Structures are given as C-alpha cells and as structure tokens.
file query_22.cif (mmCIF, C-alpha atoms and all ligand atoms)
data_protein
#
loop_
_atom_site.label_atom_id
_atom_site.label_comp_id
_atom_site.auth_asym_id
_atom_site.auth_seq_id
_atom_site.Cartn_x
_atom_site.Cartn_y
_atom_site.Cartn_z
CA MET E 1082 4.23 9.51 -16.26
CA LYS E 1083 2.48 7.47 -13.60
CA SER E 1084 1.22 9.55 -10.67
CA TYR E 1085 3.31 7.49 -8.24
CA GLN E 1086 6.33 8.93 -10.05
CA ASP E 1087 4.98 12.47 -10.36
CA PRO E 1088 7.84 14.77 -9.24
CA GLU E 1089 5.45 17.41 -7.88
CA ILE E 1090 3.67 14.88 -5.68
CA VAL E 1091 6.96 13.45 -4.46
CA LYS E 1092 8.41 16.89 -3.68
CA THR E 1093 5.22 17.93 -1.88
CA LEU E 1094 5.51 14.82 0.28
CA GLY E 1095 9.13 15.81 1.00
CA LYS E 1096 7.96 19.22 2.24
CA LYS E 1097 5.35 17.60 4.50
CA ILE E 1098 7.97 15.27 5.95
CA SER E 1099 10.28 18.26 6.58
CA ALA E 1100 7.47 20.13 8.34
CA LEU E 1101 6.84 17.14 10.62
CA ALA E 1102 10.57 16.79 11.27
CA LEU E 1103 10.62 20.38 12.54
CA GLU E 1104 8.11 19.39 15.19
CA LEU E 1105 10.60 16.83 16.46
CA GLY E 1106 13.27 19.49 16.98
CA ASP E 1107 16.76 17.97 17.11
CA LYS E 1108 15.55 14.40 17.52
CA LYS E 1109 17.08 12.14 14.89
CA ILE E 1110 14.75 9.62 13.26
CA LYS E 1111 16.09 6.41 11.76
CA ILE E 1112 13.76 4.53 9.44
CA CYS E 1113 14.80 1.08 8.24
CA HIS E 1114 13.59 -0.71 5.16
CA VAL E 1115 14.23 -4.42 4.63
CA CYS E 1116 14.01 -4.84 0.89
CA GLY E 1117 16.57 -4.49 -1.88
CA THR E 1118 13.91 -3.13 -4.23
CA HIS E 1119 13.13 -0.32 -1.77
CA GLU E 1120 16.83 0.57 -1.70
CA TYR E 1121 16.76 0.62 -5.48
CA THR E 1122 13.79 3.02 -5.46
CA ILE E 1123 15.40 5.25 -2.82
CA SER E 1124 18.79 5.38 -4.56
CA HIS E 1125 17.56 5.46 -8.13
CA TRP E 1126 15.20 8.36 -7.49
CA GLY E 1127 17.37 10.28 -5.03
CA ILE E 1128 14.79 10.04 -2.25
CA ARG E 1129 17.38 10.75 0.47
CA SER E 1130 18.04 14.19 -1.00
CA LEU E 1131 14.42 15.17 -0.24
CA LEU E 1132 14.60 14.27 3.43
CA PRO E 1133 15.45 16.70 6.23
CA ALA E 1134 18.81 16.29 7.99
CA ASN E 1135 17.32 14.60 11.03
CA VAL E 1136 15.46 11.90 9.07
CA GLU E 1137 17.54 9.01 7.81
CA VAL E 1138 16.47 5.95 5.83
CA ILE E 1139 18.79 2.96 6.16
CA ALA E 1140 18.87 -0.37 4.35
CA GLY E 1141 18.44 -3.45 6.55
CA PRO E 1142 18.83 -7.13 5.66
CA GLY E 1143 16.61 -7.11 2.59
CA CYS E 1144 18.82 -8.80 0.02
CA PRO E 1145 18.43 -12.61 0.01
CA VAL E 1146 21.75 -13.43 -1.63
CA CYS E 1147 23.62 -11.03 0.71
CA ILE E 1148 22.41 -12.75 3.86
CA CYS E 1149 22.87 -16.31 2.55
CA PRO E 1150 25.59 -17.64 4.89
CA ASN E 1151 29.04 -18.64 3.75
CA GLU E 1152 28.35 -22.12 5.12
CA ASP E 1153 25.47 -22.74 2.71
CA ILE E 1154 27.50 -21.57 -0.29
CA GLU E 1155 30.34 -23.88 0.72
CA GLN E 1156 27.83 -26.74 0.98
CA ALA E 1157 26.63 -25.92 -2.54
CA ILE E 1158 30.20 -25.91 -3.86
CA TRP E 1159 30.97 -29.21 -2.15
CA LEU E 1160 27.90 -30.82 -3.74
CA SER E 1161 28.87 -29.49 -7.17
CA LYS E 1162 32.25 -31.19 -6.81
CA ASN E 1163 30.89 -34.46 -5.45
CA GLY E 1164 28.61 -35.99 -8.01
CA TYR E 1165 25.79 -33.44 -8.25
CA THR E 1166 24.88 -30.74 -10.74
CA LEU E 1167 24.17 -27.69 -8.61
CA THR E 1168 21.48 -25.38 -9.97
CA THR E 1169 20.68 -21.91 -8.71
CA PHE E 1170 19.83 -18.33 -9.71
CA GLY E 1171 22.32 -16.09 -11.51
CA ASP E 1172 22.90 -13.64 -8.63
CA MET E 1173 23.55 -16.47 -6.19
CA SER E 1174 26.20 -17.98 -8.44
CA ARG E 1175 28.35 -14.83 -8.09
CA VAL E 1176 28.27 -14.45 -4.30
CA PRO E 1177 31.74 -14.89 -2.77
CA SER E 1178 32.45 -17.50 -0.11
CA ASN E 1179 35.68 -18.65 1.51
CA GLN E 1180 36.03 -21.07 -1.36
CA GLY E 1181 35.20 -18.55 -4.06
CA SER E 1182 31.84 -18.28 -5.75
CA LEU E 1183 29.85 -20.96 -7.51
CA LEU E 1184 30.99 -19.47 -10.82
CA THR E 1185 34.65 -19.72 -9.87
CA ALA E 1186 34.00 -23.31 -8.79
CA ARG E 1187 32.49 -23.95 -12.22
CA ALA E 1188 35.60 -22.53 -13.88
CA GLU E 1189 37.56 -25.11 -11.88
CA GLY E 1190 35.40 -27.92 -13.23
CA ALA E 1191 32.50 -28.11 -10.76
CA SER E 1192 29.09 -28.92 -12.22
CA ILE E 1193 26.95 -25.80 -11.84
CA GLN E 1194 24.05 -24.59 -13.93
CA VAL E 1195 22.26 -21.24 -13.65
CA VAL E 1196 18.46 -21.45 -13.90
CA TYR E 1197 15.59 -18.94 -13.89
CA SER E 1198 13.20 -21.00 -11.81
CA PHE E 1199 12.75 -24.33 -10.06
CA LEU E 1200 10.63 -25.46 -13.01
CA ASP E 1201 13.79 -25.29 -15.17
CA VAL E 1202 15.41 -27.80 -12.79
CA ILE E 1203 12.45 -30.17 -13.06
CA ARG E 1204 12.61 -29.97 -16.85
CA LEU E 1205 16.36 -30.62 -16.85
CA ALA E 1206 15.98 -33.58 -14.49
CA LYS E 1207 13.30 -35.19 -16.66
CA LYS E 1208 15.45 -34.75 -19.74
CA ASN E 1209 18.60 -36.13 -18.07
CA PRO E 1210 17.44 -38.86 -15.65
CA SER E 1211 20.98 -40.11 -15.02
CA VAL E 1212 22.14 -36.70 -13.71
CA LYS E 1213 21.67 -35.94 -10.00
CA TYR E 1214 20.51 -32.32 -9.61
CA VAL E 1215 20.49 -30.15 -6.49
CA PHE E 1216 18.50 -26.93 -6.45
CA PHE E 1217 20.12 -24.32 -4.17
CA SER E 1218 16.85 -22.73 -3.12
CA ILE E 1219 17.27 -19.25 -1.66
CA GLY E 1220 15.14 -16.20 -0.99
CA PHE E 1221 12.52 -14.89 1.40
CA GLU E 1222 8.79 -15.65 1.68
CA THR E 1223 8.40 -14.65 -1.97
CA THR E 1224 10.38 -17.54 -3.45
CA ALA E 1225 9.75 -20.27 -0.86
CA PRO E 1226 6.30 -21.24 -2.25
CA MET E 1227 7.80 -22.14 -5.64
CA VAL E 1228 9.48 -25.31 -4.34
CA ALA E 1229 6.77 -25.93 -1.72
CA ILE E 1230 4.00 -26.21 -4.31
CA GLU E 1231 5.99 -28.70 -6.44
CA LEU E 1232 6.76 -30.80 -3.35
CA LEU E 1233 3.12 -30.87 -2.32
CA ASN E 1234 2.00 -31.69 -5.86
CA GLN E 1235 4.55 -34.52 -5.96
CA GLN E 1236 5.93 -33.18 -9.21
CA ILE E 1237 9.63 -33.50 -8.40
CA PRO E 1238 11.62 -36.24 -10.16
CA SER E 1239 13.66 -38.54 -7.92
CA ASN E 1240 16.96 -37.23 -9.34
CA VAL E 1241 16.30 -33.75 -7.86
CA SER E 1242 17.27 -32.72 -4.33
CA ILE E 1243 16.88 -29.40 -2.50
CA LEU E 1244 19.45 -27.39 -0.56
CA SER E 1245 17.11 -25.02 1.26
CA SER E 1246 18.48 -21.65 2.34
CA HIS E 1247 15.22 -19.73 2.65
CA ARG E 1248 14.87 -17.02 5.27
CA LEU E 1249 11.88 -15.24 6.82
CA VAL E 1250 11.92 -11.43 7.10
CA PRO E 1251 9.82 -10.70 10.24
CA PRO E 1252 12.25 -12.50 12.64
CA ALA E 1253 15.09 -10.35 11.29
CA MET E 1254 13.02 -7.19 11.85
CA LYS E 1255 12.44 -8.33 15.42
CA LEU E 1256 16.17 -8.80 15.90
CA LEU E 1257 16.86 -5.27 14.60
CA VAL E 1258 14.35 -3.74 17.00
CA GLY E 1259 16.18 -5.39 19.88
CA GLN E 1260 19.50 -3.69 18.98
CA PRO E 1261 19.61 -0.25 20.62
CA GLU E 1262 22.91 0.66 18.94
CA ILE E 1263 21.08 0.61 15.60
CA GLY E 1264 18.18 2.58 17.03
CA VAL E 1265 15.42 1.90 14.52
CA ASP E 1266 12.43 4.26 15.02
CA GLY E 1267 10.23 2.78 12.31
CA PHE E 1268 10.14 0.23 9.52
CA ILE E 1269 9.13 0.39 5.90
CA ALA E 1270 8.04 -3.24 5.55
CA PRO E 1271 8.86 -5.05 2.30
CA GLY E 1272 6.07 -4.89 -0.26
CA HIS E 1273 6.76 -8.17 -2.09
CA VAL E 1274 7.21 -10.20 1.09
CA SER E 1275 4.08 -8.63 2.57
CA ALA E 1276 2.07 -9.67 -0.48
CA ILE E 1277 2.71 -13.25 0.66
CA THR E 1278 2.67 -12.86 4.46
CA GLY E 1279 -0.05 -10.19 4.71
CA PHE E 1280 0.46 -7.07 6.81
CA GLY E 1281 -1.14 -8.65 9.89
CA ILE E 1282 2.12 -10.49 10.55
CA TYR E 1283 3.78 -7.24 11.68
CA GLU E 1284 1.09 -6.21 14.15
CA PRO E 1285 2.50 -8.11 17.17
CA LEU E 1286 5.93 -6.53 16.57
CA SER E 1287 4.64 -2.96 16.27
CA HIS E 1288 2.37 -3.50 19.28
CA GLU E 1289 4.98 -5.13 21.53
CA HIS E 1290 7.82 -2.73 20.67
CA LYS E 1291 5.68 0.35 20.07
CA ILE E 1292 7.23 0.91 16.68
CA PRO E 1293 5.58 2.11 13.45
CA ILE E 1294 5.64 -0.47 10.65
CA VAL E 1295 4.34 0.70 7.31
CA VAL E 1296 3.94 -1.51 4.24
CA ALA E 1297 4.85 0.50 1.15
CA GLY E 1298 5.10 -0.08 -2.59
CA PHE E 1299 8.06 0.60 -4.83
CA GLU E 1300 7.38 3.87 -6.62
CA PRO E 1301 8.98 7.06 -5.23
CA ALA E 1302 5.63 8.39 -3.98
CA ASP E 1303 4.97 5.04 -2.24
CA VAL E 1304 8.19 5.34 -0.28
CA MET E 1305 7.58 9.00 0.57
CA PHE E 1306 4.04 8.22 1.78
CA GLY E 1307 5.56 5.47 3.92
CA ILE E 1308 8.06 7.85 5.52
CA LEU E 1309 5.34 10.46 6.06
CA GLU E 1310 3.09 7.90 7.78
CA ILE E 1311 5.91 6.82 10.09
CA MET E 1312 6.64 10.46 10.99
CA GLN E 1313 2.97 11.10 11.74
CA GLN E 1314 2.74 8.02 13.97
CA LEU E 1315 5.88 9.06 15.85
CA ILE E 1316 4.62 12.60 16.43
CA GLN E 1317 1.18 11.42 17.53
CA ASN E 1318 2.81 8.67 19.61
CA GLN E 1319 0.48 6.11 18.04
CA PRO E 1320 2.76 3.44 16.60
CA LYS E 1321 1.02 0.67 14.67
CA THR E 1322 1.15 -1.40 11.52
CA GLU E 1323 -0.29 0.42 8.54
CA ASN E 1324 -0.72 -0.92 5.02
CA LEU E 1325 -0.22 1.73 2.33
CA TYR E 1326 0.33 -0.80 -0.45
CA THR E 1327 -3.34 -1.69 -0.67
CA ARG E 1328 -3.19 -2.28 -4.43
CA VAL E 1329 -1.17 -5.45 -3.72
CA VAL E 1330 -1.09 -6.33 0.01
CA THR E 1331 -3.94 -7.57 2.20
CA ARG E 1332 -4.09 -8.33 5.92
CA GLU E 1333 -4.17 -12.12 5.35
CA GLY E 1334 -1.70 -12.30 2.47
CA ASN E 1335 -1.60 -15.06 -0.09
CA LEU E 1336 -3.32 -17.91 1.76
CA LYS E 1337 -2.47 -20.55 -0.83
CA ALA E 1338 1.24 -19.67 -0.72
CA LEU E 1339 1.25 -19.54 3.09
CA GLU E 1340 -0.44 -22.92 3.33
CA ALA E 1341 2.13 -24.40 0.94
CA ILE E 1342 5.01 -22.96 3.03
CA ASP E 1343 3.43 -24.32 6.23
CA ASN E 1344 3.00 -27.80 4.81
CA ALA E 1345 6.29 -28.18 2.93
CA TYR E 1346 8.74 -26.63 5.38
CA THR E 1347 9.56 -26.55 9.02
CA THR E 1348 10.78 -23.34 10.67
CA VAL E 1349 14.30 -23.51 12.11
CA ASP E 1350 16.83 -21.17 13.75
CA SER E 1351 19.13 -20.06 10.94
CA GLN E 1352 22.34 -18.19 10.23
CA TRP E 1353 22.16 -14.87 8.41
CA ARG E 1354 25.39 -13.70 6.88
CA GLY E 1355 26.78 -10.79 8.83
CA ILE E 1356 24.13 -11.14 11.53
CA GLY E 1357 24.51 -14.60 13.00
CA MET E 1358 21.84 -16.95 14.27
CA VAL E 1359 18.27 -15.62 14.11
CA GLU E 1360 15.60 -17.55 15.94
CA ASN E 1361 12.89 -19.21 13.81
CA SER E 1362 14.06 -17.39 10.70
CA GLY E 1363 14.82 -20.24 8.29
CA LEU E 1364 12.88 -22.81 6.31
CA GLU E 1365 14.07 -26.42 6.09
CA LEU E 1366 12.15 -29.13 4.25
CA ALA E 1367 9.56 -30.85 6.44
CA ASN E 1368 10.37 -34.41 7.54
CA GLN E 1369 7.90 -35.95 5.13
CA PHE E 1370 10.03 -34.56 2.25
CA SER E 1371 13.39 -35.69 3.62
CA GLU E 1372 13.92 -37.86 0.52
CA TYR E 1373 14.50 -34.54 -1.30
CA ASN E 1374 16.56 -32.91 1.45
CA ILE E 1375 20.21 -33.05 0.41
CA ARG E 1376 21.36 -32.30 3.97
CA VAL E 1377 19.65 -35.53 5.05
CA LYS E 1378 20.87 -37.55 2.07
CA GLU E 1379 24.52 -36.45 2.11
CA ASP E 1380 27.09 -36.05 4.85
CA ILE E 1381 28.25 -32.57 3.82
CA PRO E 1382 31.42 -31.48 5.66
CA PRO E 1383 30.95 -28.46 7.97
CA SER E 1384 32.35 -25.07 7.00
CA GLU E 1385 34.96 -23.49 9.23
CA GLY E 1386 35.65 -20.35 7.23
CA ARG E 1387 34.92 -16.68 7.80
CA ASP E 1388 31.40 -15.51 7.19
CA ILE E 1389 32.51 -12.13 5.82
CA PRO E 1390 35.67 -11.63 3.72
CA LYS E 1391 38.58 -9.72 5.29
CA GLY E 1392 38.16 -5.96 4.95
CA CYS E 1393 34.52 -6.22 3.88
CA ARG E 1394 32.00 -4.39 6.09
CA CYS E 1395 28.88 -6.12 4.79
CA ALA E 1396 27.88 -7.05 8.34
CA ASP E 1397 27.56 -3.34 9.17
CA VAL E 1398 25.87 -2.56 5.83
CA ILE E 1399 23.34 -5.37 6.30
CA LEU E 1400 22.50 -4.10 9.79
CA GLY E 1401 22.17 -0.50 8.59
CA LYS E 1402 25.05 0.67 10.78
CA ILE E 1403 27.01 2.19 7.90
CA TYR E 1404 26.50 3.19 4.27
CA PRO E 1405 28.52 1.40 1.57
CA ARG E 1406 30.66 4.54 1.05
CA ASP E 1407 31.94 4.03 4.64
CA CYS E 1408 33.66 0.78 3.61
CA GLY E 1409 37.26 1.36 2.54
CA LEU E 1410 36.92 -1.12 -0.34
CA PHE E 1411 33.77 0.44 -1.84
CA ASN E 1412 34.14 1.17 -5.54
CA ASN E 1413 37.87 0.64 -5.57
CA LYS E 1414 38.83 -2.94 -4.66
CA CYS E 1415 35.16 -3.94 -4.50
CA THR E 1416 33.01 -3.22 -7.55
CA PRO E 1417 29.94 -4.85 -9.15
CA GLU E 1418 32.29 -6.45 -11.70
CA ASN E 1419 34.64 -7.78 -9.00
CA PRO E 1420 32.67 -8.04 -5.75
CA VAL E 1421 34.64 -8.68 -2.57
CA GLY E 1422 31.59 -9.09 -0.35
CA PRO E 1423 28.03 -10.34 -0.88
CA CYS E 1424 26.45 -6.85 -0.73
CA MET E 1425 28.15 -5.92 -4.01
CA VAL E 1426 26.49 -8.77 -5.92
CA GLY E 1427 23.19 -8.57 -7.68
CA SER E 1428 20.38 -6.13 -8.13
CA GLU E 1429 19.29 -6.14 -4.46
CA GLY E 1430 22.66 -5.69 -2.76
CA THR E 1431 22.99 -2.32 -1.03
CA CYS E 1432 26.62 -1.84 -2.10
CA ALA E 1433 25.82 -2.80 -5.71
CA ILE E 1434 22.88 -0.37 -5.79
CA HIS E 1435 24.97 2.46 -4.32
CA ALA E 1436 27.79 1.71 -6.76
CA LYS E 1437 25.33 2.07 -9.61
CA TYR E 1438 23.12 4.92 -8.44
CA GLY E 1439 25.14 6.64 -5.75
CA GLY E 1440 22.40 6.41 -3.17
CA TYR E 1441 22.52 10.17 -2.75
CA LEU E 1442 21.57 11.63 -6.13
CA SER E 1443 19.44 14.73 -6.00
CA PHE E 1444 15.82 13.90 -6.64
CA GLY E 1445 15.19 13.58 -10.35
CA GLU E 1446 18.85 14.24 -11.21
CA GLU E 1447 19.21 11.20 -13.38
CA PHE E 1448 15.97 11.87 -15.21
CA ASN E 1449 16.26 15.65 -15.60
CA LEU E 1450 12.91 16.16 -13.93
CA GLU E 1451 13.69 19.73 -12.85
S1 LIG E 1501 31.80 -2.33 -0.64
FE1 LIG E 1501 32.30 -4.49 -0.94
S2 LIG E 1501 33.77 -4.98 0.62
FE2 LIG E 1501 32.71 -3.08 1.27
S3 LIG E 1501 30.94 -3.71 2.49
FE3 LIG E 1501 30.26 -3.57 0.40
S4 LIG E 1501 30.47 -5.65 -0.42
FE4 LIG E 1501 31.75 -5.54 1.44
#
call {"tool": "encode", "arguments": {"input": "query_22.cif", "output": "structure tokens"}}
result
Amino acid sequence: MKSYQDPEIVKTLGKKISALALELGDKKIKICHVCGTHEYTISHWGIRSLLPANVEVIAGPGCPVCICPNEDIEQAIWLSKNGYTLTTFGDMSRVPSNQGSLLTARAEGASIQVVYSFLDVIRLAKKNPSVKYVFFSIGFETTAPMVAIELLNQQIPSNVSILSSHRLVPPAMKLLVGQPEIGVDGFIAPGHVSAITGFGIYEPLSHEHKIPIVVAGFEPADVMFGILEIMQQLIQNQPKTENLYTRVVTREGNLKALEAIDNAYTTVDSQWRGIGMVENSGLELANQFSEYNIRVKEDIPPSEGRDIPKGCRCADVILGKIYPRDCGLFNNKCTPENPVGPCMVGSEGTCAIHAKYGGYLSFGEEFNLE
C-alpha cells in the first residue's frame, strides 16, 4: 500500500486535526474544495468520518460538466439538429438541459458523436471532409490547452468548428469567498488545475481575503495534510497559499500550456450553472481564430429555459450550501442511471459521487482497513 494511503498515517492526521479543532473551541470551520476528484477521495475513503464535529469539508463548483450552463447545452443540441455533427465527451452527453441531454437528442435523430479527445475530432474530420463537425469543448484549465495547441499549430481542418464552454477555477473561488452565507474559512485548491496554473495564482486571493488556500493531491493523506495545514494557518492567524502537492505542482505551473491558453483564447464573463455570471471566468476563442468559432459562424437562437431543473437543488450543492442527501430527489427520483440534475452525471458530480460512495462512510469501511 502506498504511504499516502496508509491508514495509520491518515488516522494520525485525523487526531492532529481534532487536537487543533479543540483549540478553536466551538468555532465551526468550513473548508471548501473545488475539484470533483477531491470529493471522490473524501467520499471514497470516508475522510469526513475522521474529522471533528466542528470541521466540515464541503464540495464547491469543481465539476466541469455540472457547471456547464443550460444555454450552452441547448446551443450544442441546436447545432446537432442543424447540419452539424456535434462531438463531445461521454459525461457531457448525459447532462440534462431544458431540451433533454445530447444523448436524448441523438435518440431523436440529432447527429452527435462521443469522443475521447479533440484529436479524435480532427481524425474524423480528415476522414469525412464533407461532414461539418463541432467540438463542444468543456472543462477547466486542464482541458483548455488541448484545443489551444491545435489552433496555434494550425492543425484543425476547415470542416471543424469549436463551441467553447471552458471555465477558469480561480474566479469561482473568488466569488465563493465573497459570499458570507457560505462562510468559507479555507480552500483546498484543485491539484490538477494547479498543475497548469501554478500555485502562485492563488496568492492574491489568500492575501486580499486573508484566507488559507492549500494545494493538495488526491490520496487520503494528501487531503488530510491539506486540512491540517488550513487548521494550523487559522489557529496561527497566518493565512497564505501553501503548496503541499509538490510532486506535481510548481509556483509557475505549466508555462507551455498557459502560453497556449493566453494566445488561443480571450477571457470573458461567463455563466456557471447554478451560480450565474462570474466575471472573467470563461474562455472564448480569440478573434484571430473566429473562423473556427461556431458562435461567430452561426446565428444560434438564444436559450430561454431554466438553468436548473424543477426540484433539483444543484445550485445549492454546487455552492456547498447543502449536501446531496438534503435534496428531496436524491437517490429516489434522481439516480446516476436517471439523473435529474447535472450534479448526478459523471464521475466528478457531487451527487453522483455521494450516490455511489455515500460521502459519509467510516474511514476504511469499504476496504476493511480496520
Ligand atoms: S440529487 Fe439530483 S436533483 Fe438533487 S441536487 Fe443532486 S442532481 Fe439535482
């Protein structure tokens, strides 16, 4: 067993966190992570069961398909019914919109193809030059470079267009800090995103708002070290950005990927599903690549539908205001097989993860580590 999964180390960290929590008396501490993979680690390993009652870890907007707005999905469906073959990732194809999901649109005759990467789309387009393809390009800083590099290398056939729905994580963290009703005391910053952005990107936020931001990896000990570091900073009243994922993340990040993002995209204010407009949080293709921008090439009708389905509380789940079990539809009308809302779709959705792992298992329960 890898040391980052060693139950004794993880339990010892739990005891240290509990000891620090005692020093805070009755004060409740709310730590927010913004990554679906962190929620997986926390739920899968039963991390919450090791935390004292006054320390809570909530899931923020860390699932890219969950926060993709209804409007963008409706645009994708419209394109797939109006002369284009819409290509996207498997999880995205299942996310509900007011007009159903991309998969239900396909069942009704729309032209939709699931792909594993943008390179698949390029291959398809070269093989079928008479077909007009659109790549519904979603995700955070981690997936944005994939299209950017192909644009900059001029490797995209003329029968491929892009529907960009990329979002940037730091602006969403900033928005959460500004919401006192959520009351975030510290962040576990996303490890994968930070590998691209570098941890330096969080320093202005932790400095300005005096909030601990700790970059952590994805093993149970990584997450526990992250929580411990946040607790120590809070007790010492020395909030700052700290990188504990040094085996992957640097201060500067991936300079090649960042340069590609800078050159291929322009930053725009963007809608996040369940949250609304977030300043400077989206990536649209830069003007020099407008020949590939489907929003420039086509007059796509605007969406007027609801952002969140009736009865679904994804907006509160995405903002860490409630746990999935607090939604009346959780695991009855809404299941991973039949998702009502976007948070029940895919491996990074908080509701889907809680449906699978409970979110509150005792530590090691599933693996009989005791
Ligand atoms: S359980 Fe389903 S309906 Fe409820 S918040 Fe989650 S995704 Fe929405």
call {"tool": "residues_near_point", "arguments": {"input": "query_22.cif", "point": "(13.2, -26.9, -8.5)", "cutoff": "6 Å", "atoms": "only C-alpha atoms", "output": "PyMOL selection string"}}
result
chain E and resi 1199-1200+1202-1203+1216+1228
call {"tool": "closest_residue", "arguments": {"input": "query_22.cif", "among": "E:His1247, E:Ile1219, E:Pro1177, E:Ile1158", "to": "ligand LIG 1501 (chain E)", "atoms": "all atoms listed in the file"}}
result
E:Pro1177
call {"tool": "atom_distance", "arguments": {"input": "query_22.cif", "atom1": "atom CA of E:Gln1313", "atom2": "atom CA of E:Pro1133"}}
result
14.7 Å
call {"tool": "closest_atom_pairs", "arguments": {"input": "query_22.cif", "of": "chain E", "to": "ligand LIG 1501 (chain E)", "cutoff": "10 Å", "atoms": "all atoms listed in the file", "output": "JSON lines"}}
result
{"residue": "E:Cys1147", "atom": "CA", "partner": "E:LIG1501", "partner_atom": "S4", "distance": 8.8}
{"residue": "E:Val1176", "atom": "CA", "partner": "E:LIG1501", "partner_atom": "S4", "distance": 9.9}
{"residue": "E:Pro1177", "atom": "CA", "partner": "E:LIG1501", "partner_atom": "S4", "distance": 9.6}
{"residue": "E:Ile1389", "atom": "CA", "partner": "E:LIG1501", "partner_atom": "FE4", "distance": 7.9}
{"residue": "E:Pro1390", "atom": "CA", "partner": "E:LIG1501", "partner_atom": "S2", "distance": 7.6}
{"residue": "E:Lys1391", "atom": "CA", "partner": "E:LIG1501", "partner_atom": "S2", "distance": 8.2}
{"residue": "E:Gly1392", "atom": "CA", "partner": "E:LIG1501", "partner_atom": "S2", "distance": 6.2}
{"residue": "E:Cys1393", "atom": "CA", "partner": "E:LIG1501", "partner_atom": "S2", "distance": 3.6}
{"residue": "E:Arg1394", "atom": "CA", "partner": "E:LIG1501", "partner_atom": "S3", "distance": 3.8}
{"residue": "E:Cys1395", "atom": "CA", "partner": "E:LIG1501", "partner_atom": "S3", "distance": 3.9}
{"residue": "E:Ala1396", "atom": "CA", "partner": "E:LIG1501", "partner_atom": "S3", "distance": 7.4}
{"residue": "E:Asp1397", "atom": "CA", "partner": "E:LIG1501", "partner_atom": "S3", "distance": 7.5}
{"residue": "E:Val1398", "atom": "CA", "partner": "E:LIG1501", "partner_atom": "S3", "distance": 6.2}
{"residue": "E:Ile1399", "atom": "CA", "partner": "E:LIG1501", "partner_atom": "S3", "distance": 8.7}
{"residue": "E:Ile1403", "atom": "CA", "partner": "E:LIG1501", "partner_atom": "S3", "distance": 8.9}
{"residue": "E:Tyr1404", "atom": "CA", "partner": "E:LIG1501", "partner_atom": "S3", "distance": 8.4}
{"residue": "E:Pro1405", "atom": "CA", "partner": "E:LIG1501", "partner_atom": "FE3", "distance": 5.4}
{"residue": "E:Arg1406", "atom": "CA", "partner": "E:LIG1501", "partner_atom": "S1", "distance": 7.2}
{"residue": "E:Asp1407", "atom": "CA", "partner": "E:LIG1501", "partner_atom": "FE2", "distance": 7.9}
{"residue": "E:Cys1408", "atom": "CA", "partner": "E:LIG1501", "partner_atom": "FE2", "distance": 4.6}
{"residue": "E:Gly1409", "atom": "CA", "partner": "E:LIG1501", "partner_atom": "FE2", "distance": 6.5}
{"residue": "E:Leu1410", "atom": "CA", "partner": "E:LIG1501", "partner_atom": "FE2", "distance": 4.9}
{"residue": "E:Phe1411", "atom": "CA", "partner": "E:LIG1501", "partner_atom": "S1", "distance": 3.6}
{"residue": "E:Asn1412", "atom": "CA", "partner": "E:LIG1501", "partner_atom": "S1", "distance": 6.5}
{"residue": "E:Asn1413", "atom": "CA", "partner": "E:LIG1501", "partner_atom": "S1", "distance": 8.4}
{"residue": "E:Lys1414", "atom": "CA", "partner": "E:LIG1501", "partner_atom": "S2", "distance": 7.6}
{"residue": "E:Cys1415", "atom": "CA", "partner": "E:LIG1501", "partner_atom": "FE1", "distance": 4.6}
{"residue": "E:Thr1416", "atom": "CA", "partner": "E:LIG1501", "partner_atom": "FE1", "distance": 6.8}
{"residue": "E:Pro1417", "atom": "CA", "partner": "E:LIG1501", "partner_atom": "FE1", "distance": 8.6}
{"residue": "E:Asn1419", "atom": "CA", "partner": "E:LIG1501", "partner_atom": "FE1", "distance": 9.0}
{"residue": "E:Pro1420", "atom": "CA", "partner": "E:LIG1501", "partner_atom": "FE1", "distance": 6.0}
{"residue": "E:Val1421", "atom": "CA", "partner": "E:LIG1501", "partner_atom": "S2", "distance": 5.0}
{"residue": "E:Gly1422", "atom": "CA", "partner": "E:LIG1501", "partner_atom": "S4", "distance": 3.6}
{"residue": "E:Pro1423", "atom": "CA", "partner": "E:LIG1501", "partner_atom": "S4", "distance": 5.3}
{"residue": "E:Cys1424", "atom": "CA", "partner": "E:LIG1501", "partner_atom": "S4", "distance": 4.2}
{"residue": "E:Met1425", "atom": "CA", "partner": "E:LIG1501", "partner_atom": "S4", "distance": 4.3}
{"residue": "E:Val1426", "atom": "CA", "partner": "E:LIG1501", "partner_atom": "S4", "distance": 7.5}
{"residue": "E:Gly1430", "atom": "CA", "partner": "E:LIG1501", "partner_atom": "S4", "distance": 8.2}
{"residue": "E:Thr1431", "atom": "CA", "partner": "E:LIG1501", "partner_atom": "FE3", "distance": 7.5}
{"residue": "E:Cys1432", "atom": "CA", "partner": "E:LIG1501", "partner_atom": "FE3", "distance": 4.7}
{"residue": "E:Ala1433", "atom": "CA", "partner": "E:LIG1501", "partner_atom": "FE3", "distance": 7.6}
{"residue": "E:His1435", "atom": "CA", "partner": "E:LIG1501", "partner_atom": "S1", "distance": 9.1}
{"residue": "E:Ala1436", "atom": "CA", "partner": "E:LIG1501", "partner_atom": "S1", "distance": 8.4}
call {"tool": "closest_residue", "arguments": {"input": "query_22.cif", "among": "E:Glu1365, E:Ser1242, E:Phe1299, E:Glu1333", "to": "E:Tyr1121", "atoms": "all atoms listed in the file"}}
result
E:Phe1299
call {"tool": "build_atoms", "arguments": {"input": "query_22.cif", "residues": "stretch 1154-1164 of chain E", "atoms": "N, CA and C atoms", "output": "short mmCIF file (atom, residue, chain, number, x, y, z; two decimals), in the coordinates of the input"}}
result
data_model
loop_
_atom_site.label_atom_id
_atom_site.label_comp_id
_atom_site.auth_asym_id
_atom_site.auth_seq_id
_atom_site.Cartn_x
_atom_site.Cartn_y
_atom_site.Cartn_z
N ILE E 1154 26.84 -21.65 1.03
CA ILE E 1154 27.50 -21.57 -0.29
C ILE E 1154 28.59 -22.65 -0.37
N GLU E 1155 29.31 -22.84 0.72
CA GLU E 1155 30.34 -23.88 0.72
C GLU E 1155 29.70 -25.27 0.56
N GLN E 1156 28.54 -25.46 1.17
CA GLN E 1156 27.83 -26.74 0.98
C GLN E 1156 27.48 -26.94 -0.50
N ALA E 1157 27.01 -25.85 -1.12
CA ALA E 1157 26.63 -25.92 -2.54
C ALA E 1157 27.84 -26.27 -3.39
N ILE E 1158 28.98 -25.63 -3.08
CA ILE E 1158 30.20 -25.91 -3.86
C ILE E 1158 30.63 -27.36 -3.66
N TRP E 1159 30.57 -27.82 -2.42
CA TRP E 1159 30.97 -29.21 -2.15
C TRP E 1159 30.10 -30.18 -2.97
N LEU E 1160 28.81 -29.94 -2.98
CA LEU E 1160 27.90 -30.82 -3.74
C LEU E 1160 28.25 -30.81 -5.23
N SER E 1161 28.57 -29.60 -5.73
CA SER E 1161 28.87 -29.49 -7.17
C SER E 1161 30.17 -30.18 -7.55
N LYS E 1162 30.99 -30.49 -6.54
CA LYS E 1162 32.25 -31.19 -6.81
C LYS E 1162 32.18 -32.67 -6.41
N ASN E 1163 31.02 -33.08 -5.95
CA ASN E 1163 30.89 -34.46 -5.45
C ASN E 1163 29.68 -35.18 -6.03
N GLY E 1164 29.57 -35.13 -7.33
CA GLY E 1164 28.61 -35.99 -8.01
C GLY E 1164 27.27 -35.35 -8.34
#
